[in-house]
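Undergrad: I have a structure I would like to understand better, so I am pasting it below and will then ask my questions one at a time.
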Amino acid sequence: MSMYRGVATPYVHDEIYMPPLACAAHASHSLRCITGLPDSLVDVDASRLALSFYCIGSLDILDVLNEKVNMITRNEWRKWFWEQQTSGPHGSGFKPSSFMTGQGPASEFVQSPEYSCPHVIMTYTALLSLAILRDNFAGLDRRGIVAFLRGCQREDGSFRTTPQGTESDLRTVYCAFAISSMLNDWSGVDVDRAKAFIASCRTYEGGYGQEPSCEAQGGTTYTAIASLYLAPRSEGEEPLTAAEREQTIRWLSSNQDESGGFRGRTGKAADACYCFWCGAALRILGRDDLVNGLALVKFLDRCQFKFGGISKAPDEHPDPYHTYLSLAAIAMYPPPLGESGSNTSWHLAPIDPLLNATQATARWIRDHVP
Amino acid sequence: MAKPTKPLYSSLDEWVDVQPLEQYEKVNPLAPIFYTDEYKDATSYFRGIVKSGEMSPRVLDLTEHIIRLNPAHYTAWQYRYRTLMSIKAPLDVELKLMDELAVKYLKTYQVWHHRRLILTETRDPQRELAFVEESLREDTKNYHTWSHRQWVLSHFNDIDLWRGELDFLDTMFNQDIRNNSAWHHRFFVVFQSGVREGEEDRERVVRRELTFTKQNISFAPNNPSAWNYLRGVLEFNKLPFSTVTTFVFPYTQPTDPEAVDLVDLDNPPPSKQAELPCPAAIEFLADIYESEGGESLLKANQLWKSLADEHDTMRKRYWEYRIKESLQKGST
């Protein structure tokens with residue numbers, strides 16, 4: 001596989017016409033998934049809250065939530081999210097769903113605090129979802145969440161997904177940082193230790209692996225970069241050295257391949273989700289101007305599924321995860337608006353790359369979560 | 001709907017003493033899954049077991065059943081692990097089962113994590129590396145599989161385990177010299193995991209790695225993994241990129257039909273069939289010129305311009321950024 005060797009094309013000043021983005025179909029796909037999932041997707045049983053976030057998040061980026069979902073339903077959704085908030089000996093947070101919650105004879109909750117405990121990734125996506133639904137967060141157990149995060153951090157600085165679990169990697173570090181940033185309370189995490197863990201995941205390519213000694217990967221590189229830029233720092237302190245920053249920028253942009261999409265690792269095929277992970281990391285580093293935005297949206301255009309939803313690559317099946325991340329990538333890198341009104345369908349709600357939410361939702365978080 | 005693989009627990013006499021606990025769904029749930037009766041039944045019994053705290057051999061059957069239906073059910077894994085420990089179940093049997101499940105659910109995080117927990121207990125990694133090699137046959141770039149190998153090596157840190165790594169990598173490279181996971185693993189083994197017996201002469205090791213990389217570039221010049229590795233080796237060992245200028249230069253030139261195939265181990269030339277010039281080599285040479293500074297900046301700029309306009313137009317903006325940055329640096 002060689003790099004692209006096309007003949008140089010001069011910058012085109014004429015309008016660029018993209019076929020319209022199938023916004024309505026993508027909204028329907030998200031709504032369909034919220035309504036119900038087939039048994040073949042049973043493996044999301046233990047992460048249903050995150051999947052729900054991708055669906056609601058897509059509606060937020062498409063800016064159709066209030067138009068497509070009435071207030072009664074939105075309130076029911078909020079109630080469902082709040083029902084996933086759970087407390088126990090290890091603090092509070094959100095669980096993935098009621099997959100471990102039993103129903104007693106009087107339809108009451110029956111759950112063991114130990115096996116129905118909060119989960120770091122679900123807590124992060126629950127806060128985002130409730131903010132999208134413009135909840136006032138009156139019911140949030142802030143102190144409980146701080147205690148929960150504290151209980152999840154390990155000696156090496158990383159975070160367990162659940163207080164008594166044993167899985168931990170860079171993704172959970174990001175969620176813990178994002179939650180602390182949303183709460184505007186960092187007392188639940190030892191930032192220096194976590195930063196040392198992040199640094200140990202850096203590889204010679206300039207990206208970050210999921211754990212120390214793992215290969216550089218686009219998703220985990222986003223979580224590393226976003227964490228470093230979310231973390232509090234003293235004046236004049238830079239999250240990366242100049243050389244590290246340049247090396248990461250180089251690696252990230254080298255992942256945009258001849259298809260126009262981004263790949264997650266050197267030499268792999270492009271995948272729609274990395275258009276967000278790499279594209280957002282570049283934006284955080286202040287270098288979104290290096291992305292070939294037009295090639296990127298043309299790739300994502302081809303990833304749209306005929307009946308709604310966006311898939312990881314052309315001719316694959318769509319899912320809420322790739323739909324959400326593709327829409328977020330499009331929102332960051334829209335094709336130029338023409339004077340004749342072309343490409344307006346591609347202009348979506350602007351994104352906050354650090355929290356991975358629309359700017360309006362991120363503002364809501366800043367105003368209502370702390 | 002999937003055909004049930006087992007009779008329902010509610011129909012079995014040996015489970016009659018367990019009070020199943022149906023899933024709570026009072027509030028209208030988001031993204032509910034239309035579970036099969038089999039999954040509903042098994043998880044109801046699992047919730048019942050968790051409530052009673054039972055840890056017994058039949059819990060192993062139940063959790064295995066759930067895992068086969070949903071390998072991402074992390075609580076089933078967690079409870080299974082505690083049950084194994086509590087009843088002191090034979091872990092070699094468990095590992096055998098994991099051999100099957102790892103390949104079946106190659107992309108599920110929990111399968112690999114459970115394996116780690118078991119190995120941490122047995123402290124017997126002897127057959128692990130062969131197992132990883134076997135499962136890489138299914139998917140040569142699987143992230144979990146490679147991570148597992150890296151974990152086994154660093155967790156047990158046994159010289160006998162490390163010894164075969166370069167030979168193992170040779171077989172991986174023979175299959176696919178563009179497998180970046182293998183290149184990354186090589187960097188981890190050679191540079192990032194300490195200095196082992198027989199590798200103390202670091203100058204020799206660096207020479208060996210440079211020779212290895214150059215040879216592989218000469219076989220397949222347009223392989224970004226090899227060029228990244230070359231950069232990594234030089235940077236890690238604080239050697240300037242100009243150490244390899246003589247090697248890099250021919251790869252930045254158009255294919256020379258007059259070239260004769262030379263055997264030059266230090267600076268192996270591109271083969272006659274090579275697709276040249278190679279964009280990664282042009283980038284590399286530009287970096288060398290940039291670090292020289294002064295007059296050489298002009299040469300670096302020309303190379304970046306050729307990438308922007310001709311050899312790597314997808315990333316035109318990145319190359320133009322490099323030009324702009326170097327001009328700014330040059331003027332201060």
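Following the order of the structure tokens, chains are lettered A, B, ..., residues in each are numbered from 1, and ligands are numbered from 1.
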Output as a PyMOL selection string the set of chain A residues within 6 Å of chain B, with distances taken over only C-alpha atoms.
TA: chain A and resi 2+4-5+8+33-39+43+46+101-103+204+214-215+290
Undergrad: Skipping near chain neighbours, those fewer than 3 positions away, what residues fall within 10 Å of region 94-104 of chain B using only C-alpha atoms, listed as a ChimeraX atom specification?
TA: /B:60,64,67-68,71,81,84,89-91,107-112,114-115,118-119,122,128,131-132,134-139,144-145
Undergrad: Take the residues just selected and output them with C-alpha atoms as a PDB file, in the first residue's frame.
TA:
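Contents of the output file selection_7.pdb:
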```pdb
ATOM      1  CA  LEU B  60     -19.533 -22.199  36.956  1.00  0.00           C
ATOM      2  CA  GLU B  64     -20.252 -20.094  31.386  1.00  0.00           C
ATOM      3  CA  ILE B  67     -20.813 -15.765  28.923  1.00  0.00           C
ATOM      4  CA  ARG B  68     -21.431 -17.830  25.819  1.00  0.00           C
ATOM      5  CA  PRO B  71     -19.233 -12.513  26.502  1.00  0.00           C
ATOM      6  CA  TYR B  81     -13.735 -15.608  39.030  1.00  0.00           C
ATOM      7  CA  LEU B  84     -13.366 -20.311  41.034  1.00  0.00           C
ATOM      8  CA  ALA B  89     -11.596 -25.038  41.188  1.00  0.00           C
ATOM      9  CA  PRO B  90      -8.787 -26.516  39.073  1.00  0.00           C
ATOM     10  CA  LEU B  91      -7.460 -23.556  37.096  1.00  0.00           C
ATOM     11  CA  LYS B 107     -12.545  -8.955  20.369  1.00  0.00           C
ATOM     12  CA  THR B 108     -14.111  -9.083  23.816  1.00  0.00           C
ATOM     13  CA  TYR B 109     -12.100  -7.344  26.493  1.00  0.00           C
ATOM     14  CA  GLN B 110     -13.342  -9.546  29.343  1.00  0.00           C
ATOM     15  CA  VAL B 111     -12.150 -12.815  27.815  1.00  0.00           C
ATOM     16  CA  TRP B 112      -8.578 -11.608  27.912  1.00  0.00           C
ATOM     17  CA  HIS B 114     -10.166 -13.149  32.888  1.00  0.00           C
ATOM     18  CA  ARG B 115      -7.259 -15.011  31.403  1.00  0.00           C
ATOM     19  CA  ILE B 118      -6.199 -16.844  36.121  1.00  0.00           C
ATOM     20  CA  LEU B 119      -2.548 -16.659  35.075  1.00  0.00           C
ATOM     21  CA  THR B 122      -1.396 -20.094  38.502  1.00  0.00           C
ATOM     22  CA  GLU B 128       0.981 -18.780  27.053  1.00  0.00           C
ATOM     23  CA  PHE B 131      -1.219 -19.899  22.744  1.00  0.00           C
ATOM     24  CA  VAL B 132      -0.946 -16.246  21.695  1.00  0.00           C
ATOM     25  CA  GLU B 134      -1.905 -19.659  17.761  1.00  0.00           C
ATOM     26  CA  SER B 135      -4.663 -17.093  18.286  1.00  0.00           C
ATOM     27  CA  LEU B 136      -2.821 -14.487  16.207  1.00  0.00           C
ATOM     28  CA  ARG B 137      -3.431 -16.823  13.281  1.00  0.00           C
ATOM     29  CA  GLU B 138      -7.113 -15.855  13.530  1.00  0.00           C
ATOM     30  CA  ASP B 139      -6.367 -12.150  13.432  1.00  0.00           C
ATOM     31  CA  HIS B 144      -6.132  -7.701  22.812  1.00  0.00           C
ATOM     32  CA  THR B 145      -3.998 -10.619  21.706  1.00  0.00           C
TER      33      THR B 145
END
```
Undergrad: Quick one: everything within 7 Å of region 146-151 of chain A, counting only C-alpha atoms, minus sequence neighbours fewer than 4 positions away in the same chain. Send it as a list in words.
TA: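 My list of contacting residues is His90, Gly91, Ser92, Gly93, Arg142, Pro163, Ala176, Ser187, Gly188 and Val189 of chain A.
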Undergrad: Using the selection just defined, write its residues with all heavy atoms as a PDB file, in the first residue's frame.
TA:
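Resulting contents of part.pdb:
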```pdb
ATOM      1  N   HIS A  90     -18.913   1.956  48.147  1.00  0.00           N
ATOM      2  CA  HIS A  90     -17.797   2.533  47.398  1.00  0.00           C
ATOM      3  C   HIS A  90     -18.175   3.845  46.736  1.00  0.00           C
ATOM      4  O   HIS A  90     -17.550   4.250  45.761  1.00  0.00           O
ATOM      5  CB  HIS A  90     -17.298   1.553  46.349  1.00  0.00           C
ATOM      6  CG  HIS A  90     -16.957   0.220  46.921  1.00  0.00           C
ATOM      7  ND1 HIS A  90     -15.825   0.007  47.668  1.00  0.00           N
ATOM      8  CD2 HIS A  90     -17.614  -0.956  46.898  1.00  0.00           C
ATOM      9  CE1 HIS A  90     -15.798  -1.244  48.064  1.00  0.00           C
ATOM     10  NE2 HIS A  90     -16.876  -1.860  47.619  1.00  0.00           N
ATOM     11  N   GLY A  91     -19.203   4.498  47.238  1.00  0.00           N
ATOM     12  CA  GLY A  91     -19.578   5.780  46.664  1.00  0.00           C
ATOM     13  C   GLY A  91     -20.707   5.645  45.665  1.00  0.00           C
ATOM     14  O   GLY A  91     -21.366   4.607  45.579  1.00  0.00           O
ATOM     15  N   SER A  92     -20.897   6.700  44.881  1.00  0.00           N
ATOM     16  CA  SER A  92     -22.038   6.738  43.958  1.00  0.00           C
ATOM     17  C   SER A  92     -21.593   6.956  42.528  1.00  0.00           C
ATOM     18  O   SER A  92     -20.522   7.493  42.274  1.00  0.00           O
ATOM     19  CB  SER A  92     -22.975   7.877  44.335  1.00  0.00           C
ATOM     20  OG  SER A  92     -23.413   7.722  45.645  1.00  0.00           O
ATOM     21  N   GLY A  93     -22.504   6.567  41.643  1.00  0.00           N
ATOM     22  CA  GLY A  93     -22.263   6.752  40.220  1.00  0.00           C
ATOM     23  C   GLY A  93     -23.385   6.068  39.481  1.00  0.00           C
ATOM     24  O   GLY A  93     -24.411   5.744  40.078  1.00  0.00           O
ATOM     25  N   ARG A 142     -22.960  14.336  44.340  1.00  0.00           N
ATOM     26  CA  ARG A 142     -21.612  14.782  43.960  1.00  0.00           C
ATOM     27  C   ARG A 142     -20.530  14.202  44.861  1.00  0.00           C
ATOM     28  O   ARG A 142     -19.502  13.726  44.382  1.00  0.00           O
ATOM     29  CB  ARG A 142     -21.568  16.311  43.974  1.00  0.00           C
ATOM     30  CG  ARG A 142     -22.472  16.910  42.918  1.00  0.00           C
ATOM     31  CD  ARG A 142     -22.577  18.428  43.043  1.00  0.00           C
ATOM     32  NE  ARG A 142     -23.374  18.969  41.945  1.00  0.00           N
ATOM     33  CZ  ARG A 142     -24.707  18.956  41.892  1.00  0.00           C
ATOM     34  NH1 ARG A 142     -25.403  18.416  42.892  1.00  0.00           N
ATOM     35  NH2 ARG A 142     -25.345  19.458  40.855  1.00  0.00           N
ATOM     36  N   PRO A 163     -15.378  -0.077  41.362  1.00  0.00           N
ATOM     37  CA  PRO A 163     -14.474  -0.035  42.520  1.00  0.00           C
ATOM     38  C   PRO A 163     -13.831  -1.375  42.833  1.00  0.00           C
ATOM     39  O   PRO A 163     -12.698  -1.428  43.280  1.00  0.00           O
ATOM     40  CB  PRO A 163     -15.383   0.410  43.666  1.00  0.00           C
ATOM     41  CG  PRO A 163     -16.532   1.087  43.020  1.00  0.00           C
ATOM     42  CD  PRO A 163     -16.710   0.449  41.690  1.00  0.00           C
ATOM     43  N   ALA A 176     -12.623   9.425  34.225  1.00  0.00           N
ATOM     44  CA  ALA A 176     -12.450   9.991  35.572  1.00  0.00           C
ATOM     45  C   ALA A 176     -12.077  11.480  35.477  1.00  0.00           C
ATOM     46  O   ALA A 176     -12.565  12.309  36.257  1.00  0.00           O
ATOM     47  CB  ALA A 176     -11.374   9.224  36.330  1.00  0.00           C
ATOM     48  N   SER A 187     -10.832  16.512  43.660  1.00  0.00           N
ATOM     49  CA  SER A 187     -10.343  15.887  44.893  1.00  0.00           C
ATOM     50  C   SER A 187     -10.471  14.361  44.874  1.00  0.00           C
ATOM     51  O   SER A 187      -9.907  13.693  45.723  1.00  0.00           O
ATOM     52  CB  SER A 187     -11.071  16.483  46.099  1.00  0.00           C
ATOM     53  OG  SER A 187     -12.458  16.218  45.988  1.00  0.00           O
ATOM     54  N   GLY A 188     -11.202  13.820  43.891  1.00  0.00           N
ATOM     55  CA  GLY A 188     -11.342  12.363  43.828  1.00  0.00           C
ATOM     56  C   GLY A 188     -10.209  11.672  43.078  1.00  0.00           C
ATOM     57  O   GLY A 188     -10.151  10.445  43.045  1.00  0.00           O
ATOM     58  N   VAL A 189      -9.331  12.454  42.458  1.00  0.00           N
ATOM     59  CA  VAL A 189      -8.270  11.806  41.677  1.00  0.00           C
ATOM     60  C   VAL A 189      -6.898  12.357  42.053  1.00  0.00           C
ATOM     61  O   VAL A 189      -6.754  13.527  42.391  1.00  0.00           O
ATOM     62  CB  VAL A 189      -8.479  11.980  40.144  1.00  0.00           C
ATOM     63  CG1 VAL A 189      -9.858  11.512  39.721  1.00  0.00           C
ATOM     64  CG2 VAL A 189      -8.266  13.406  39.699  1.00  0.00           C
TER      65      VAL A 189
END
```
Undergrad: If DSSP is run on the backbone, what residues of region 74-150 of chain B are helix (DSSP H, G or I)? A reply as a PyMOL selection string would be ideal.
TA: chain B and resi 74-86+91-104+109-122+128-136+143-150
Undergrad: For region 319-334 of chain A, work out the shell of residues within 8 Å, counting only C-alpha atoms and skipping chain neighbours fewer than 5 positions away, then give it as a PyMOL selection string.
TA: chain A and resi 26+29-30+33+51+54-55+57-58+61-62+272-273+275-276+279-280+293-294+296-297+300+309-312+346-351
Undergrad: CA of Leu133 (chain A) and CA of Lys68 (chain A), how far apart in Å?
TA: 12.8 Å
Undergrad: Go ahead and compute the interatomic distance for CA of Glu83 (chain A) and CA of Arg160 (chain A), in Å to one decimal.
TA: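 Rounded to one decimal, the two atoms are 22.4 Å apart.
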Undergrad: Tell me which protein, DNA and RNA residues are within 12 Å of Thr243 (chain B), counting only C-alpha atoms, leaving out same-chain ones fewer than 3 positions away, and put them as a list of chain:residue names.
TA: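 Using only C-alpha atoms, the neighbours found are B:Val206, B:Arg207, B:Leu210, B:Leu230, B:Arg231, B:Val233, B:Leu234, B:Glu235, B:Asn237, B:Lys238, B:Leu239, B:Pro240, B:Thr246, B:Phe247, B:Val248, B:Phe249, B:Asp266, B:Asn267, B:Phe284, B:Leu285, B:Ile288.
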Undergrad: Quick one: write out the picked residues with N, CA and C atoms as a JSON list (two decimals), in the first residue's frame?
TA:
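The result, stored in selection_25.json:
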```json
[["chain", "number", "residue", "atom", "x", "y", "z"],
["B", 206, "VAL", "N", 21.67, -1.65, 18.70],
["B", 206, "VAL", "CA", 21.19, -0.58, 17.83],
["B", 206, "VAL", "C", 21.60, -0.85, 16.39],
["B", 207, "ARG", "N", 22.84, -1.27, 16.20],
["B", 207, "ARG", "CA", 23.30, -1.60, 14.83],
["B", 207, "ARG", "C", 22.44, -2.69, 14.22],
["B", 210, "LEU", "N", 19.06, -1.26, 13.26],
["B", 210, "LEU", "CA", 19.13, -0.39, 12.08],
["B", 210, "LEU", "C", 19.27, -1.24, 10.82],
["B", 230, "LEU", "N", 12.24, 3.12, 12.32],
["B", 230, "LEU", "CA", 13.56, 3.73, 12.12],
["B", 230, "LEU", "C", 13.67, 5.02, 12.92],
["B", 231, "ARG", "N", 12.64, 5.85, 12.84],
["B", 231, "ARG", "CA", 12.62, 7.08, 13.63],
["B", 231, "ARG", "C", 12.71, 6.77, 15.12],
["B", 233, "VAL", "N", 13.90, 4.10, 16.71],
["B", 233, "VAL", "CA", 15.21, 3.59, 17.14],
["B", 233, "VAL", "C", 16.20, 4.73, 17.31],
["B", 234, "LEU", "N", 16.22, 5.64, 16.33],
["B", 234, "LEU", "CA", 17.17, 6.75, 16.39],
["B", 234, "LEU", "C", 16.85, 7.68, 17.55],
["B", 235, "GLU", "N", 15.58, 8.04, 17.68],
["B", 235, "GLU", "CA", 15.20, 8.97, 18.74],
["B", 235, "GLU", "C", 15.45, 8.37, 20.13],
["B", 237, "ASN", "N", 17.56, 6.23, 21.03],
["B", 237, "ASN", "CA", 18.98, 6.12, 21.32],
["B", 237, "ASN", "C", 19.74, 7.43, 21.13],
["B", 238, "LYS", "N", 18.96, 8.50, 21.00],
["B", 238, "LYS", "CA", 19.50, 9.86, 20.88],
["B", 238, "LYS", "C", 20.53, 9.97, 19.76],
["B", 239, "LEU", "N", 20.22, 9.32, 18.66],
["B", 239, "LEU", "CA", 21.07, 9.43, 17.47],
["B", 239, "LEU", "C", 20.39, 10.37, 16.48],
["B", 240, "PRO", "N", 21.16, 11.25, 15.82],
["B", 240, "PRO", "CA", 20.53, 12.14, 14.85],
["B", 240, "PRO", "C", 20.04, 11.36, 13.62],
["B", 246, "THR", "N", 22.80, 8.50, 4.08],
["B", 246, "THR", "CA", 23.26, 7.77, 2.90],
["B", 246, "THR", "C", 22.26, 6.69, 2.49],
["B", 247, "PHE", "N", 21.70, 6.06, 3.51],
["B", 247, "PHE", "CA", 20.71, 5.03, 3.23],
["B", 247, "PHE", "C", 19.43, 5.63, 2.64],
["B", 248, "VAL", "N", 18.97, 6.74, 3.25],
["B", 248, "VAL", "CA", 17.66, 7.29, 2.90],
["B", 248, "VAL", "C", 17.65, 7.89, 1.49],
["B", 249, "PHE", "N", 18.75, 8.55, 1.12],
["B", 249, "PHE", "CA", 18.73, 9.37, -0.09],
["B", 249, "PHE", "C", 18.20, 8.67, -1.35],
["B", 266, "ASP", "N", 24.99, -2.20, 4.84],
["B", 266, "ASP", "CA", 24.82, -0.96, 5.60],
["B", 266, "ASP", "C", 23.77, -0.06, 4.98],
["B", 267, "ASN", "N", 23.81, 0.00, 3.67],
["B", 267, "ASN", "CA", 22.88, 0.88, 2.98],
["B", 267, "ASN", "C", 22.20, 0.17, 1.82],
["B", 284, "PHE", "N", 11.52, 11.95, 5.69],
["B", 284, "PHE", "CA", 12.68, 11.68, 6.55],
["B", 284, "PHE", "C", 13.86, 12.60, 6.18],
["B", 285, "LEU", "N", 14.12, 12.69, 4.89],
["B", 285, "LEU", "CA", 15.23, 13.53, 4.43],
["B", 285, "LEU", "C", 14.97, 15.00, 4.76],
["B", 288, "ILE", "N", 15.92, 15.65, 8.20],
["B", 288, "ILE", "CA", 17.38, 15.76, 8.34],
["B", 288, "ILE", "C", 17.82, 17.18, 7.95]]
```
Undergrad: If you measure from CA of Leu262 (chain B) to CA of Pro250 (chain B), what distance in Å do you get, rounded to one decimal?
TA: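 Interatomic distance, CA of Leu262 (chain B) to CA of Pro250 (chain B): 12.7 Å.
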Undergrad: I need the strand (DSSP E or B) residues of region 166-360 of chain A per DSSP on the backbone, written as JSON, numbers by chain.
TA: {"A": [168, 169, 202, 208, 256, 262, 263, 270, 304, 310, 311, 318, 351, 352, 357, 358]}
Undergrad: Find the residues near Pro257 (chain B): any atom within 10 Å, counting only C-alpha atoms, skip ones fewer than 3 places away on the same chain, and give them as a VMD selection string.
TA: chain B and resid 254 260 272 to 273
Undergrad: Find the spatial neighbours of region 219-224 of chain A, counting only C-alpha atoms, within a cut-off of 7 Å - ignore same-chain residues fewer than 5 positions away - and output them as a list of chain:residue names.
TA: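 Contacts, in chain order: A:Leu170, A:Arg171, A:Tyr174, A:Ile198, A:Gly207, A:Tyr208, A:Gly209, A:Gln210, A:Gly264, A:Tyr274, A:Trp277, A:Cys278, A:Ala281.
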Undergrad: Would you write out those residues with C-alpha atoms, as a PDB file, in the first residue's frame?
TA:
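Saved file result_29.pdb follows:
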```
ATOM      1  CA  LEU A 170      -6.477   4.750  29.540  1.00  0.00           C
ATOM      2  CA  ARG A 171     -10.192   4.982  28.670  1.00  0.00           C
ATOM      3  CA  TYR A 174     -10.236   9.889  30.580  1.00  0.00           C
ATOM      4  CA  ILE A 198      -0.726   8.421  30.755  1.00  0.00           C
ATOM      5  CA  GLY A 207       0.444   8.076  19.927  1.00  0.00           C
ATOM      6  CA  TYR A 208      -0.719   6.310  23.067  1.00  0.00           C
ATOM      7  CA  GLY A 209      -1.569   2.664  23.675  1.00  0.00           C
ATOM      8  CA  GLN A 210      -4.370   1.381  25.862  1.00  0.00           C
ATOM      9  CA  GLY A 264      -6.694   3.903  14.250  1.00  0.00           C
ATOM     10  CA  TYR A 274     -11.208   7.429  14.106  1.00  0.00           C
ATOM     11  CA  TRP A 277     -10.832  10.287  17.731  1.00  0.00           C
ATOM     12  CA  CYS A 278      -7.944  11.584  15.597  1.00  0.00           C
ATOM     13  CA  ALA A 281      -7.271  15.085  19.245  1.00  0.00           C
TER      14      ALA A 281
END
```
